[in-house]
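The structure under discussion appears below in the form of structure tokens.
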Amino acid sequence: MHSTTRPVDDRTRYAETAVQKVALVFGIVFAVVGIAGFIPGLTTNLDTIQFAGHESEALLLGVFQVSILHNIVHLLFGIAGLAAATSFVASKNYLIWGGAIYALLLVYGLFFSSDQPANFVPLNSADNWLHAVLAVAMILLGVLLGRRERDARTTPGATGTPGTVR
């Protein structure tokens with residue numbers, strides 16, 4: 001018997017599959033957010049920004065508390081998303097593990113209020129809500145879109161048109 005299925009392989013073009021496209025979008029957004037955190041006007045009270053810690057009064061879009069370290073982490077997370085978009089498996093892992101990191105940040109933000117010395121990451125309630133949404137969205141997208149590589153292309157030797165899910 002000849003099977004038309006094959007093991008999932010990771011040889012895909014840049015942002016070819018749905019999960020890669022989503023990782024790319026998240027990467028772009030995180031990179032833009034990281035840069036925006038340093039731009040006066042997009043970030044209010046920028047003159048009070050601290051490297052780390054809850055003392056920073058800088059607010060991205062006037063809502064989300066940020067610090068220099070926080071912005072750098074967003075930039076690095078963005079770069080990781082852009083790099084992950086090169087591979088199906090890397091994109092899936094980026095979304096799932098990135099979502100897990102945001103879930104941990106949510107828990108951290110819930111236990112360490114802005115005035116506690118252990119709060120080295122400036123987080124406010126808006127950050128906590130955003131981290132909850134990011135955690136759920138990234139994990140769900142990583143799991144659902146990462147189920148099969150064939151979600152955006154056909155299997156060689158199979159009949160059908162490109163984009164057909166088997």
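Identifiers for the structure tokens are assigned positionally: chains receive A, B, ... in sequence, residues are indexed from 1 per chain, and ligands are indexed from 1 in the order shown.
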
Please tabulate, as a tab-separated table, the residues of segment 61-163 of chain A that come within 7 Å of segment 8-32 of chain A, each with its closest pair of atoms and the distance in Å to one decimal, counting only C-alpha atoms and ordering rows by chain, then residue number upward.
```
residue	atom	partner	partner_atom	distance
A:His74	CA	A:Phe30	CA	5.3
A:Leu75	CA	A:Ala31	CA	4.5
A:Phe77	CA	A:Phe30	CA	6.3
A:Gly78	CA	A:Gly27	CA	3.9
A:Ile79	CA	A:Gly27	CA	6.1
A:Ala80	CA	A:Gly27	CA	6.7
A:Gly81	CA	A:Gly27	CA	3.9
A:Leu82	CA	A:Gly27	CA	5.0
A:Ala84	CA	A:Ala23	CA	6.7
A:Ala85	CA	A:Gln20	CA	4.6
A:Thr86	CA	A:Tyr14	CA	4.5
A:Ser87	CA	A:Asp10	CA	6.0
A:Phe88	CA	A:Asp10	CA	5.8
A:Val89	CA	A:Asp10	CA	6.4
A:Ser91	CA	A:Gln20	CA	5.2
A:Lys92	CA	A:Val19	CA	6.3
A:Leu95	CA	A:Ala23	CA	6.5
A:Gly142	CA	A:Val19	CA	6.6
A:Leu145	CA	A:Val19	CA	5.2
A:Gly146	CA	A:Val19	CA	6.0
A:Glu149	CA	A:Val8	CA	6.4
A:Asp151	CA	A:Thr17	CA	6.7
A:Ala152	CA	A:Thr17	CA	4.8
```

With C-alpha atoms retained, could you export that selection as a short mmCIF file (atom, residue, chain, number, x, y, z; two decimals), in the first residue's frame?
```cif
data_model
loop_
_atom_site.label_atom_id
_atom_site.label_comp_id
_atom_site.auth_asym_id
_atom_site.auth_seq_id
_atom_site.Cartn_x
_atom_site.Cartn_y
_atom_site.Cartn_z
CA HIS A 74 9.24 43.52 23.57
CA LEU A 75 11.86 44.17 20.88
CA PHE A 77 10.21 39.03 21.56
CA GLY A 78 9.43 40.70 18.23
CA ILE A 79 12.74 39.62 16.73
CA ALA A 80 12.08 36.08 17.98
CA GLY A 81 8.70 36.08 16.22
CA LEU A 82 10.25 37.31 12.98
CA ALA A 84 10.31 31.90 14.14
CA ALA A 85 8.34 32.64 10.96
CA THR A 86 11.08 30.84 9.02
CA SER A 87 9.85 27.45 10.22
CA PHE A 88 6.57 25.71 10.99
CA VAL A 89 7.84 24.10 14.20
CA SER A 91 6.41 29.30 14.81
CA LYS A 92 4.28 26.79 16.70
CA LEU A 95 3.30 30.97 19.96
CA GLY A 142 -0.15 27.85 18.36
CA LEU A 145 -2.77 26.27 13.72
CA GLY A 146 0.18 24.09 14.67
CA GLU A 149 1.74 21.61 8.59
CA ASP A 151 -2.92 23.63 6.68
CA ALA A 152 -1.46 25.93 4.04
#
```

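Neighbouring residues of Ile101 of chain A at 10 Å or closer, counting only C-alpha atoms and skipping chain neighbours under 5 positions away, are Leu95, Ile96, Leu106, Val107, His131, Leu134 and Ala135 of chain A.
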
| said: Rounded to one decimal, what separation in Å do you get between atom CA of Arg147 of chain A and atom CA of Gly99 of chain A? | reply: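 A separation of 16.3 Å between them.
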
| task | Using DSSP on the backbone coordinates, identify all residues within segment 47-137 of chain A classified as alpha helix (DSSP H); present the result as a ChimeraX atom specification. | result | /A:68-84,88-111,125-137

| request: Please report, as a PyMOL selection string, each residue of segment 35-70 of chain A to which DSSP assigns strand (DSSP E) when run on this structure's backbone. | output: chain A and resi 43-44+59-60+64-65

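For the pair atom CA of Leu110 of chain A and atom CA of Gly41 of chain A, the separation is 28.3 Å.
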
| said: When you count only C-alpha atoms, which of these residues is closest to Ile72 of chain A: A:Phe51, A:Trp97, A:Tyr102, A:Phe120? | reply: A:Phe51

| request: For Ile39 of chain A, work out the shell of residues within 12 Å, counting only C-alpha atoms and skipping chain neighbours fewer than 6 positions away, then give it as number ranges by chain. | output: A: 32-33, 45-47, 49, 58-61, 66, 68, 71
